[in-house]
$ cat upload16.cif   # mmCIF, C-alpha atoms
data_model
#
loop_
_atom_site.label_atom_id
_atom_site.label_comp_id
_atom_site.auth_asym_id
_atom_site.auth_seq_id
_atom_site.Cartn_x
_atom_site.Cartn_y
_atom_site.Cartn_z
CA MET A 1 -1.44 17.45 34.78
CA SER A 2 -0.02 15.26 32.02
CA TYR A 3 -1.10 15.24 28.41
CA ILE A 4 -3.02 12.16 27.26
CA PRO A 5 -2.22 11.38 23.62
CA SER A 6 -4.95 10.57 21.12
CA VAL A 7 -5.16 8.61 17.88
CA LEU A 8 -5.03 11.96 16.06
CA ASP A 9 -1.61 12.60 17.63
CA ILE A 10 -0.34 9.32 16.20
CA LYS A 11 -1.78 10.09 12.75
CA THR A 12 -0.21 13.55 12.87
CA ASP A 13 3.23 12.25 13.82
CA LEU A 14 3.10 9.56 11.15
CA LYS A 15 2.22 12.06 8.42
CA ARG A 16 4.92 14.41 9.68
CA ALA A 17 7.41 11.53 9.58
CA VAL A 18 6.43 10.85 5.96
CA MET A 19 6.95 14.49 5.05
CA ALA A 20 10.22 14.72 6.99
CA SER A 21 11.50 11.67 5.11
CA PHE A 22 11.63 13.84 1.97
CA SER A 23 14.64 15.65 3.43
CA PRO A 24 18.09 14.75 1.98
CA LYS A 25 18.81 12.30 4.80
CA LEU A 26 15.48 10.50 4.18
CA PHE A 27 14.62 8.17 7.09
CA ALA A 28 17.93 8.94 8.81
CA ASP A 29 16.79 12.54 9.25
CA THR A 30 16.46 13.59 12.91
CA ASN A 31 12.94 14.97 12.42
CA THR A 32 11.78 11.74 10.78
CA LYS A 33 13.19 9.74 13.67
CA ILE A 34 11.60 11.98 16.31
CA PHE A 35 8.14 11.95 14.69
CA LEU A 36 8.30 8.20 14.24
CA ALA A 37 9.46 7.62 17.81
CA ASN A 38 6.62 9.83 19.09
CA ALA A 39 4.08 7.93 17.02
CA GLU A 40 5.38 4.61 18.32
CA LYS A 41 5.40 5.82 21.93
CA ASN A 42 1.82 7.11 21.65
CA LEU A 43 0.69 3.93 19.91
CA GLU A 44 2.04 1.92 22.85
CA SER A 45 0.26 4.16 25.36
CA LEU A 46 -3.04 3.67 23.48
CA LYS A 47 -2.58 -0.09 23.06
CA GLY A 48 -5.72 -1.00 25.00
CA LYS A 49 -7.86 1.69 23.36
CA VAL A 50 -7.04 1.00 19.69
CA ASP A 51 -8.69 -1.95 17.91
CA LYS A 52 -6.52 -5.02 18.51
CA SER A 53 -6.09 -6.04 14.84
CA ALA A 54 -5.44 -2.42 13.83
CA TYR A 55 -2.82 -2.19 16.57
CA PHE A 56 -0.95 -5.26 15.32
CA GLN A 57 -1.25 -4.12 11.71
CA ALA A 58 0.19 -0.76 12.76
CA LYS A 59 3.09 -2.40 14.60
CA THR A 60 3.90 -4.59 11.58
CA ARG A 61 3.73 -1.63 9.16
CA ILE A 62 5.95 0.57 11.35
CA LYS A 63 8.46 -2.27 11.63
CA LYS A 64 8.49 -2.57 7.82
CA ALA A 65 8.87 1.20 7.48
CA LYS A 66 11.91 1.16 9.75
CA ASN A 67 13.61 -1.54 7.72
CA SER A 68 16.21 0.25 5.62
CA ASN A 69 16.32 -2.66 3.16
CA ASN A 70 12.82 -1.82 1.90
CA PRO A 71 12.34 0.71 -0.92
CA ILE A 72 11.95 4.27 0.35
CA GLU A 73 8.56 4.84 -1.36
CA LYS A 74 7.12 1.71 0.23
CA ARG A 75 8.47 2.70 3.64
CA ARG A 76 6.63 6.02 3.33
CA GLU A 77 3.47 4.28 2.22
CA ASP A 78 3.68 1.90 5.19
CA LEU A 79 3.56 4.89 7.55
CA LEU A 80 0.74 6.57 5.66
CA THR A 81 -1.20 3.29 5.70
CA VAL A 82 -0.89 3.11 9.49
CA SER A 83 -2.31 6.62 9.73
CA TYR A 84 -5.60 5.49 8.21
CA LEU A 85 -5.71 2.01 9.70
CA ILE A 86 -5.79 3.16 13.32
CA MET B 1 13.51 -30.04 -0.14
CA LEU B 2 13.31 -28.15 -3.45
CA ALA B 3 16.35 -27.20 -5.47
CA GLY B 4 16.82 -25.19 -8.63
CA ARG B 5 18.02 -26.96 -11.78
CA LEU B 6 21.51 -25.83 -11.00
CA GLY B 7 21.60 -27.63 -7.66
CA PHE B 8 22.68 -26.26 -4.30
CA GLU B 9 25.17 -23.64 -3.36
CA PRO B 10 26.81 -23.87 0.07
CA ARG B 11 26.65 -20.67 2.11
CA TYR B 12 28.76 -20.17 5.20
CA ALA B 13 28.04 -16.53 6.06
CA ASP B 14 24.46 -16.99 7.21
CA PRO B 15 24.02 -19.42 10.12
CA GLU B 16 20.26 -19.80 9.50
CA SER B 17 20.57 -21.21 6.02
CA ALA B 18 23.67 -23.27 5.51
CA VAL B 19 22.58 -24.42 2.05
CA LEU B 20 20.56 -22.38 -0.43
CA PRO B 21 19.29 -23.37 -3.88
CA LEU B 22 20.93 -21.55 -6.77
CA ASP B 23 18.78 -19.27 -8.87
CA ASP B 24 16.73 -21.05 -11.46
CA LEU B 25 17.26 -20.44 -15.14
CA PRO B 26 15.26 -17.49 -16.55
CA MET B 27 12.78 -19.77 -18.37
CA GLN B 28 11.78 -21.46 -15.15
CA LEU B 29 11.51 -18.12 -13.34
CA GLU B 30 9.15 -16.95 -16.06
CA PHE B 31 7.02 -20.05 -15.42
CA TYR B 32 6.71 -19.21 -11.74
CA HIS B 33 6.04 -15.56 -12.58
CA LYS B 34 3.17 -16.62 -14.86
CA LEU B 35 1.90 -18.96 -12.18
CA ARG B 36 1.55 -16.01 -9.80
CA GLN B 37 -0.49 -14.03 -12.30
CA LYS B 38 -3.92 -15.44 -12.92
CA VAL B 39 -5.74 -13.93 -15.86
CA ALA B 40 -9.45 -14.75 -15.95
CA GLY B 41 -12.47 -13.12 -17.52
CA GLY B 42 -10.73 -9.87 -18.36
CA LYS B 43 -9.75 -9.32 -14.75
CA ILE B 44 -6.11 -9.48 -13.84
CA THR B 45 -5.31 -10.58 -10.32
CA GLN B 46 -1.80 -10.11 -9.03
CA MET B 47 -1.03 -10.48 -5.35
CA ALA B 48 -4.25 -9.11 -3.83
CA ILE B 49 -4.79 -6.44 -6.48
CA VAL B 50 -7.92 -6.66 -8.63
CA ILE B 51 -8.46 -4.56 -11.75
CA VAL B 52 -12.08 -3.50 -12.06
CA GLU B 53 -13.21 -2.11 -15.40
CA GLU B 54 -16.97 -2.25 -14.78
CA LYS B 55 -18.38 -3.54 -11.50
CA PRO B 56 -16.62 -5.63 -8.85
CA THR B 57 -17.96 -8.97 -7.63
CA LYS B 58 -18.14 -10.21 -4.07
CA GLU B 59 -15.11 -12.39 -4.82
CA ASP B 60 -13.14 -9.34 -5.98
CA ILE B 61 -13.85 -7.57 -2.69
CA VAL B 62 -12.76 -10.62 -0.69
CA LYS B 63 -9.44 -10.60 -2.61
CA ALA B 64 -9.06 -6.85 -2.21
CA ARG B 65 -9.49 -7.15 1.57
CA LYS B 66 -6.79 -9.78 1.89
CA GLU B 67 -4.05 -7.32 2.89
CA PHE B 68 -6.08 -4.94 5.07
CA PRO B 69 -9.46 -6.33 6.21
CA GLN B 70 -10.81 -2.89 7.18
CA TYR B 71 -9.33 -0.81 4.36
CA ILE B 72 -9.31 -1.26 0.58
CA LYS B 73 -6.67 0.65 -1.33
CA ILE B 74 -7.94 2.20 -4.55
CA THR B 75 -5.74 3.23 -7.47
CA ALA B 76 -7.48 4.83 -10.43
CA ASP B 77 -6.55 5.86 -13.96
CA LEU B 78 -8.87 8.84 -14.43
CA GLU B 79 -8.32 9.01 -18.20
CA GLN B 80 -9.09 5.38 -19.02
CA GLU B 81 -11.51 5.00 -16.09
CA ILE B 82 -9.83 1.83 -14.80
CA ILE B 83 -9.69 1.09 -11.10
CA ALA B 84 -7.37 -1.22 -9.19
CA ILE B 85 -8.49 -2.28 -5.74
CA GLY B 86 -6.62 -3.97 -2.90
CA GLY B 87 -2.96 -4.77 -2.57
CA GLU B 88 -0.35 -3.77 -0.06
CA TYR B 89 0.89 -0.63 -1.84
CA HIS B 90 -0.68 1.84 -4.26
CA ALA B 91 2.65 1.76 -6.08
CA ASP B 92 2.14 -1.94 -6.97
CA ALA B 93 -1.25 -1.17 -8.50
CA GLU B 94 0.20 1.85 -10.29
CA LYS B 95 2.86 -0.42 -11.81
CA ILE B 96 0.19 -2.80 -13.14
CA LEU B 97 -1.79 0.08 -14.66
CA VAL B 98 1.31 1.52 -16.33
CA GLU B 99 2.67 -1.79 -17.61
CA LYS B 100 -0.52 -3.58 -18.60
CA TYR B 101 -2.89 -0.76 -19.46
CA ASN B 102 -0.42 1.84 -20.77
CA SER B 103 -1.69 4.32 -18.19
CA GLN B 104 0.14 7.63 -17.83
CA ARG B 105 1.43 8.16 -14.28
CA SER B 106 0.03 11.69 -14.30
CA ASN B 107 -3.47 10.23 -14.70
CA ILE B 108 -3.12 7.78 -11.82
CA TRP B 109 -4.37 8.81 -8.39
CA GLY B 110 -4.81 6.91 -5.16
CA GLY B 111 -7.18 6.67 -2.27
CA GLY B 112 -9.11 4.06 -0.39
CA TYR B 113 -12.34 2.83 1.08
CA ASN B 114 -12.50 2.84 4.86
CA ILE B 115 -14.85 -0.03 5.72
CA THR B 116 -15.23 0.94 9.38
CA LEU B 117 -16.28 4.51 8.58
CA ASP B 118 -17.91 3.72 5.19
CA ILE B 119 -16.10 6.57 3.44
CA PHE B 120 -13.94 6.98 0.36
CA GLU B 121 -10.60 8.70 1.01
CA VAL B 122 -8.15 10.49 -1.27
CA ASN B 123 -4.89 9.81 0.48
CA ALA B 124 -1.86 8.05 -1.02
CA ILE B 125 1.86 8.48 -1.50
CA ILE B 126 1.39 8.15 -5.27
CA ASN B 127 -0.63 11.39 -5.14
CA LEU B 128 2.63 13.26 -4.64
CA HIS B 129 3.39 14.92 -7.97
CA PRO B 130 5.97 17.66 -7.31
CA GLY B 131 4.78 21.02 -8.60
CA ILE B 132 1.32 19.63 -9.40
CA ASN B 133 0.18 18.07 -6.13
CA ASP B 134 2.52 18.55 -3.18
CA SER B 135 0.48 16.50 -0.76
CA THR B 136 -0.59 12.91 -0.19
CA ASP B 137 -4.17 14.21 -0.46
CA ILE B 138 -5.54 15.20 -3.86
CA LEU B 139 -5.56 18.98 -3.52
CA ASP B 140 -6.94 20.01 -6.93
CA PRO B 141 -10.76 20.03 -6.53
CA ASP B 142 -11.29 19.01 -10.19
CA ILE B 143 -9.03 15.95 -9.93
CA ARG B 144 -10.42 15.15 -6.51
CA ASN B 145 -14.00 15.24 -7.79
CA ARG B 146 -13.13 13.21 -10.89
CA PHE B 147 -11.48 10.59 -8.68
CA LEU B 148 -14.41 10.40 -6.27
CA GLU B 149 -16.99 10.36 -9.09
CA LEU B 150 -15.21 7.48 -10.85
CA VAL B 151 -14.74 5.55 -7.62
CA LYS B 152 -18.39 6.00 -6.62
CA LYS B 153 -19.55 5.03 -10.12
CA VAL B 154 -17.59 1.75 -10.03
CA LEU B 155 -17.58 0.98 -6.31
CA GLY B 156 -20.80 2.69 -5.23
CA ASP B 157 -22.37 -0.65 -4.23
CA ILE B 158 -19.30 -1.80 -2.31
CA LYS B 159 -21.12 -1.90 1.04
CA SER B 160 -23.52 -4.56 -0.22
CA LEU B 161 -20.58 -6.68 -1.40
CA LEU B 162 -18.75 -6.81 1.94
#
$ encode --input "upload16.cif" --output "structure tokens"
Amino acid sequence: MSYIPSVLDIKTDLKRAVMASFSPKLFADTNTKIFLANAEKNLESLKGKVDKSAYFQAKTRIKKAKNSNNPIEKRREDLLTVSYLI
Amino acid sequence: MLAGRLGFEPRYADPESAVLPLDDLPMQLEFYHKLRQKVAGGKITQMAIVIVEEKPTKEDIVKARKEFPQYIKITADLEQEIIAIGGEYHADAEKILVEKYNSQRSNIWGGGYNITLDIFEVNAIINLHPGINDSTDILDPDIRNRFLELVKKVLGDIKSLL
């Protein structure tokens, strides 16, 4: 039996990624990367179940959050925003 | 093609833009900056952020929904009872409150209105105040209640304006 992820799993991983990004290595921290990768993987697996516009908003926000040229605070807020958009 | 008053500067490093305009002189930049900020009827609109001191209009809500159609970010100065709605980041609204309304950062808290669920939320990165509030949620029940009371007082009729 395999585990079926839910929207709550994505929200949880995104919030954990935000919190992990407060470590000294910020977004380069291993925990941040793992939580973010999990959130992205689960978002993909729920593509058909999440509202279409929310899905694309989430993808755009995560992409912005992963861009190291953006300010760190805004990258965190992008992830938090995704957690309440989906 | 538009160019700054200083003409064009050739660039060879970036293949996508072989020629870029030089930066304009500060005076001209200020003109464009002012052009982006429209001040009308006591309400300051910058990007998609609207400052609401009394009650919002339908037009304000349309502007506030520009960035996220199903979610309106709310940034509030609890001391001065000023609310900023909309925008991409709470931090942008916080900046406006600090710079234009002399708000203290310790009095500014963030949240949002979830249109789909019709609920007010108290979740924002700007809520992180180390040693005072170590969460993106507003943990202190007093501050939380003050935030929600102010938001409901100003935006209580928001559903009818959507």
$ closest_residue --input "upload16.cif" --among "B:Glu79, B:Lys100, B:Ser106, B:Asp157" --to "Ile132 of chain B" --atoms "all atoms listed in the file"
B:Ser106
$ resolve_selection --input "upload16.cif" --expression "the PyMOL selection byres ((chain A) within 9 of (chain B))" --output "VMD selection string"
chain A and resid 19 54 57 73 to 74 76 to 78 80 to 81 84 to 85
$ residues_around --input "upload16.cif" --residues "segment 25-34 of chain A" --least-positions-apart "3" --cutoff "12 Å" --atoms "all atoms listed in the file" --output "ChimeraX atom specification"
/A:13-22,37-41,62,65-73,75-76,79
$ write_last_selection --input "upload16.cif" --atoms "C-alpha atoms" --output "tab-separated table (two decimals), in the coordinates of the input"
chain	number	residue	atom	x	y	z
A	13	ASP	CA	3.23	12.25	13.82
A	14	LEU	CA	3.10	9.56	11.15
A	15	LYS	CA	2.22	12.06	8.42
A	16	ARG	CA	4.92	14.41	9.68
A	17	ALA	CA	7.41	11.53	9.58
A	18	VAL	CA	6.43	10.85	5.96
A	19	MET	CA	6.95	14.49	5.05
A	20	ALA	CA	10.22	14.72	6.99
A	21	SER	CA	11.50	11.67	5.11
A	22	PHE	CA	11.63	13.84	1.97
A	37	ALA	CA	9.46	7.62	17.81
A	38	ASN	CA	6.62	9.83	19.09
A	39	ALA	CA	4.08	7.93	17.02
A	40	GLU	CA	5.38	4.61	18.32
A	41	LYS	CA	5.40	5.82	21.93
A	62	ILE	CA	5.95	0.57	11.35
A	65	ALA	CA	8.87	1.20	7.48
A	66	LYS	CA	11.91	1.16	9.75
A	67	ASN	CA	13.61	-1.54	7.72
A	68	SER	CA	16.21	0.25	5.62
A	69	ASN	CA	16.32	-2.66	3.16
A	70	ASN	CA	12.82	-1.82	1.90
A	71	PRO	CA	12.34	0.71	-0.92
A	72	ILE	CA	11.95	4.27	0.35
A	73	GLU	CA	8.56	4.84	-1.36
A	75	ARG	CA	8.47	2.70	3.64
A	76	ARG	CA	6.63	6.02	3.33
A	79	LEU	CA	3.56	4.89	7.55
$ atom_distance --input "upload16.cif" --atom1 "atom CA of Asn145 of chain B" --atom2 "atom CA of Ile115 of chain B"
20.4 Å
$ axis_aligned_box --input "upload16.cif" --around "segment 114-119 of chain B" --padding-each-side "8 Å" --output "AutoDock Vina command-line options"
--center_x -15.2 --center_y 3.3 --center_z 6.4 --size_x 21.4 --size_y 22.6 --size_z 21.9
$ atom_distance --input "upload16.cif" --atom1 "atom CA of Asp142 of chain B" --atom2 "atom CA of Ser103 of chain B"
19.3 Å
$ atom_distance --input "upload16.cif" --atom1 "atom CA of Arg65 of chain B" --atom2 "atom CA of Val7 of chain A"
23.1 Å
$ residues_around --input "upload16.cif" --residues "Val50 of chain A" --least-positions-apart "6" --cutoff "10 Å" --atoms "all atoms listed in the file" --output "PyMOL selection string"
chain A and resi 6-7+43-44+56+86
$ write_last_selection --input "upload16.cif" --atoms "C-alpha atoms" --output "PDB file, in the coordinates of the input"
ATOM      1  CA  SER A   6      -4.950  10.570  21.120  1.00  0.00           C
ATOM      2  CA  VAL A   7      -5.160   8.610  17.880  1.00  0.00           C
ATOM      3  CA  LEU A  43       0.690   3.930  19.910  1.00  0.00           C
ATOM      4  CA  GLU A  44       2.040   1.920  22.850  1.00  0.00           C
ATOM      5  CA  PHE A  56      -0.950  -5.260  15.320  1.00  0.00           C
ATOM      6  CA  ILE A  86      -5.790   3.160  13.320  1.00  0.00           C
TER       7      ILE A  86
END
$ closest_residue --input "upload16.cif" --among "B:Gln104, B:Val52, B:Gly110, B:Leu78" --to "Glu149 of chain B" --atoms "only C-alpha atoms"
B:Leu78
$ closest_residue --input "upload16.cif" --among "B:Val154, B:Leu139, B:Ile72, B:Asn102" --to "Glu53 of chain B" --atoms "all atoms listed in the file"
B:Val154
$ residues_around --input "upload16.cif" --residues "Ala76 of chain B" --least-positions-apart "5" --cutoff "6 Å" --atoms "only C-alpha atoms" --output "list in words"
Ile82, Ile83, Ile108 and Trp109 of chain B
$ decode --input "upload16.cif" --residues "segment 29-42 of chain A" --atoms "all heavy atoms" --output "PDB file, in the first residue's frame"
ATOM      1  N   ASP A  29      20.283  25.167   2.766  1.00  0.00           N
ATOM      2  CA  ASP A  29      20.251  24.154   3.821  1.00  0.00           C
ATOM      3  C   ASP A  29      19.607  22.857   3.301  1.00  0.00           C
ATOM      4  O   ASP A  29      18.620  22.912   2.554  1.00  0.00           O
ATOM      5  CB  ASP A  29      19.436  24.694   5.001  1.00  0.00           C
ATOM      6  CG  ASP A  29      19.386  23.723   6.152  1.00  0.00           C
ATOM      7  OD1 ASP A  29      20.333  23.732   6.953  1.00  0.00           O
ATOM      8  OD2 ASP A  29      18.410  22.945   6.233  1.00  0.00           O
ATOM      9  N   THR A  30      20.146  21.729   3.701  1.00  0.00           N
ATOM     10  CA  THR A  30      19.646  20.435   3.207  1.00  0.00           C
ATOM     11  C   THR A  30      18.172  20.236   3.561  1.00  0.00           C
ATOM     12  O   THR A  30      17.383  19.775   2.730  1.00  0.00           O
ATOM     13  CB  THR A  30      20.484  19.282   3.796  1.00  0.00           C
ATOM     14  OG1 THR A  30      21.846  19.615   3.669  1.00  0.00           O
ATOM     15  CG2 THR A  30      20.207  17.970   3.086  1.00  0.00           C
ATOM     16  N   ASN A  31      17.801  20.577   4.808  1.00  0.00           N
ATOM     17  CA  ASN A  31      16.400  20.410   5.214  1.00  0.00           C
ATOM     18  C   ASN A  31      15.460  21.253   4.351  1.00  0.00           C
ATOM     19  O   ASN A  31      14.406  20.781   3.931  1.00  0.00           O
ATOM     20  CB  ASN A  31      16.230  20.804   6.687  1.00  0.00           C
ATOM     21  CG  ASN A  31      16.713  19.725   7.615  1.00  0.00           C
ATOM     22  OD1 ASN A  31      16.502  18.550   7.357  1.00  0.00           O
ATOM     23  ND2 ASN A  31      17.378  20.114   8.683  1.00  0.00           N
ATOM     24  N   THR A  32      15.861  22.481   4.107  1.00  0.00           N
ATOM     25  CA  THR A  32      15.036  23.378   3.274  1.00  0.00           C
ATOM     26  C   THR A  32      14.820  22.732   1.905  1.00  0.00           C
ATOM     27  O   THR A  32      13.693  22.679   1.400  1.00  0.00           O
ATOM     28  CB  THR A  32      15.732  24.754   3.090  1.00  0.00           C
ATOM     29  OG1 THR A  32      16.235  25.185   4.338  1.00  0.00           O
ATOM     30  CG2 THR A  32      14.784  25.782   2.531  1.00  0.00           C
ATOM     31  N   LYS A  33      15.919  22.237   1.342  1.00  0.00           N
ATOM     32  CA  LYS A  33      15.845  21.633   0.003  1.00  0.00           C
ATOM     33  C   LYS A  33      14.931  20.411  -0.001  1.00  0.00           C
ATOM     34  O   LYS A  33      14.132  20.217  -0.928  1.00  0.00           O
ATOM     35  CB  LYS A  33      17.252  21.237  -0.469  1.00  0.00           C
ATOM     36  CG  LYS A  33      18.100  22.412  -0.903  1.00  0.00           C
ATOM     37  CD  LYS A  33      19.458  21.888  -1.348  1.00  0.00           C
ATOM     38  CE  LYS A  33      20.382  23.000  -1.755  1.00  0.00           C
ATOM     39  NZ  LYS A  33      21.735  22.500  -2.028  1.00  0.00           N
ATOM     40  N   ILE A  34      15.062  19.582   1.044  1.00  0.00           N
ATOM     41  CA  ILE A  34      14.258  18.346   1.097  1.00  0.00           C
ATOM     42  C   ILE A  34      12.768  18.681   1.227  1.00  0.00           C
ATOM     43  O   ILE A  34      11.934  18.140   0.507  1.00  0.00           O
ATOM     44  CB  ILE A  34      14.733  17.435   2.258  1.00  0.00           C
ATOM     45  CG1 ILE A  34      16.109  16.856   1.929  1.00  0.00           C
ATOM     46  CG2 ILE A  34      13.725  16.317   2.526  1.00  0.00           C
ATOM     47  CD1 ILE A  34      16.785  16.116   3.066  1.00  0.00           C
ATOM     48  N   PHE A  35      12.436  19.587   2.155  1.00  0.00           N
ATOM     49  CA  PHE A  35      11.027  19.957   2.340  1.00  0.00           C
ATOM     50  C   PHE A  35      10.434  20.554   1.059  1.00  0.00           C
ATOM     51  O   PHE A  35       9.305  20.243   0.673  1.00  0.00           O
ATOM     52  CB  PHE A  35      10.875  20.951   3.495  1.00  0.00           C
ATOM     53  CG  PHE A  35      11.134  20.351   4.854  1.00  0.00           C
ATOM     54  CD1 PHE A  35      11.917  21.005   5.789  1.00  0.00           C
ATOM     55  CD2 PHE A  35      10.575  19.121   5.206  1.00  0.00           C
ATOM     56  CE1 PHE A  35      12.160  20.454   7.043  1.00  0.00           C
ATOM     57  CE2 PHE A  35      10.814  18.554   6.455  1.00  0.00           C
ATOM     58  CZ  PHE A  35      11.607  19.232   7.376  1.00  0.00           C
ATOM     59  N   LEU A  36      11.233  21.404   0.425  1.00  0.00           N
ATOM     60  CA  LEU A  36      10.764  22.045  -0.803  1.00  0.00           C
ATOM     61  C   LEU A  36      10.579  21.023  -1.932  1.00  0.00           C
ATOM     62  O   LEU A  36       9.575  21.058  -2.660  1.00  0.00           O
ATOM     63  CB  LEU A  36      11.767  23.141  -1.209  1.00  0.00           C
ATOM     64  CG  LEU A  36      11.312  24.179  -2.219  1.00  0.00           C
ATOM     65  CD1 LEU A  36       9.961  24.772  -1.863  1.00  0.00           C
ATOM     66  CD2 LEU A  36      12.338  25.307  -2.312  1.00  0.00           C
ATOM     67  N   ALA A  37      11.523  20.106  -2.036  1.00  0.00           N
ATOM     68  CA  ALA A  37      11.433  19.062  -3.064  1.00  0.00           C
ATOM     69  C   ALA A  37      10.205  18.185  -2.818  1.00  0.00           C
ATOM     70  O   ALA A  37       9.489  17.817  -3.768  1.00  0.00           O
ATOM     71  CB  ALA A  37      12.700  18.222  -3.055  1.00  0.00           C
ATOM     72  N   ASN A  38       9.945  17.854  -1.537  1.00  0.00           N
ATOM     73  CA  ASN A  38       8.761  17.051  -1.203  1.00  0.00           C
ATOM     74  C   ASN A  38       7.480  17.776  -1.582  1.00  0.00           C
ATOM     75  O   ASN A  38       6.565  17.190  -2.156  1.00  0.00           O
ATOM     76  CB  ASN A  38       8.722  16.767   0.302  1.00  0.00           C
ATOM     77  CG  ASN A  38       9.588  15.593   0.670  1.00  0.00           C
ATOM     78  OD1 ASN A  38       9.957  14.801  -0.186  1.00  0.00           O
ATOM     79  ND2 ASN A  38       9.922  15.485   1.942  1.00  0.00           N
ATOM     80  N   ALA A  39       7.442  19.073  -1.251  1.00  0.00           N
ATOM     81  CA  ALA A  39       6.254  19.877  -1.564  1.00  0.00           C
ATOM     82  C   ALA A  39       6.014  19.907  -3.069  1.00  0.00           C
ATOM     83  O   ALA A  39       4.880  19.732  -3.534  1.00  0.00           O
ATOM     84  CB  ALA A  39       6.419  21.288  -1.020  1.00  0.00           C
ATOM     85  N   GLU A  40       7.086  20.095  -3.820  1.00  0.00           N
ATOM     86  CA  GLU A  40       6.964  20.150  -5.281  1.00  0.00           C
ATOM     87  C   GLU A  40       6.504  18.808  -5.851  1.00  0.00           C
ATOM     88  O   GLU A  40       5.643  18.766  -6.736  1.00  0.00           O
ATOM     89  CB  GLU A  40       8.318  20.516  -5.889  1.00  0.00           C
ATOM     90  CG  GLU A  40       8.580  22.000  -5.913  1.00  0.00           C
ATOM     91  CD  GLU A  40       9.779  22.335  -6.775  1.00  0.00           C
ATOM     92  OE1 GLU A  40      10.905  22.032  -6.344  1.00  0.00           O
ATOM     93  OE2 GLU A  40       9.586  22.888  -7.866  1.00  0.00           O
ATOM     94  N   LYS A  41       7.076  17.732  -5.312  1.00  0.00           N
ATOM     95  CA  LYS A  41       6.728  16.384  -5.792  1.00  0.00           C
ATOM     96  C   LYS A  41       5.244  16.103  -5.525  1.00  0.00           C
ATOM     97  O   LYS A  41       4.522  15.636  -6.393  1.00  0.00           O
ATOM     98  CB  LYS A  41       7.607  15.352  -5.075  1.00  0.00           C
ATOM     99  CG  LYS A  41       7.553  13.959  -5.668  1.00  0.00           C
ATOM    100  CD  LYS A  41       8.372  12.982  -4.863  1.00  0.00           C
ATOM    101  CE  LYS A  41       7.593  12.507  -3.657  1.00  0.00           C
ATOM    102  NZ  LYS A  41       8.353  11.648  -2.748  1.00  0.00           N
ATOM    103  N   ASN A  42       4.797  16.454  -4.299  1.00  0.00           N
ATOM    104  CA  ASN A  42       3.398  16.213  -3.946  1.00  0.00           C
ATOM    105  C   ASN A  42       2.440  17.106  -4.731  1.00  0.00           C
ATOM    106  O   ASN A  42       1.330  16.697  -5.071  1.00  0.00           O
ATOM    107  CB  ASN A  42       3.191  16.411  -2.440  1.00  0.00           C
ATOM    108  CG  ASN A  42       3.838  15.303  -1.639  1.00  0.00           C
ATOM    109  OD1 ASN A  42       4.075  14.208  -2.154  1.00  0.00           O
ATOM    110  ND2 ASN A  42       4.155  15.573  -0.386  1.00  0.00           N
TER     111      ASN A  42
END
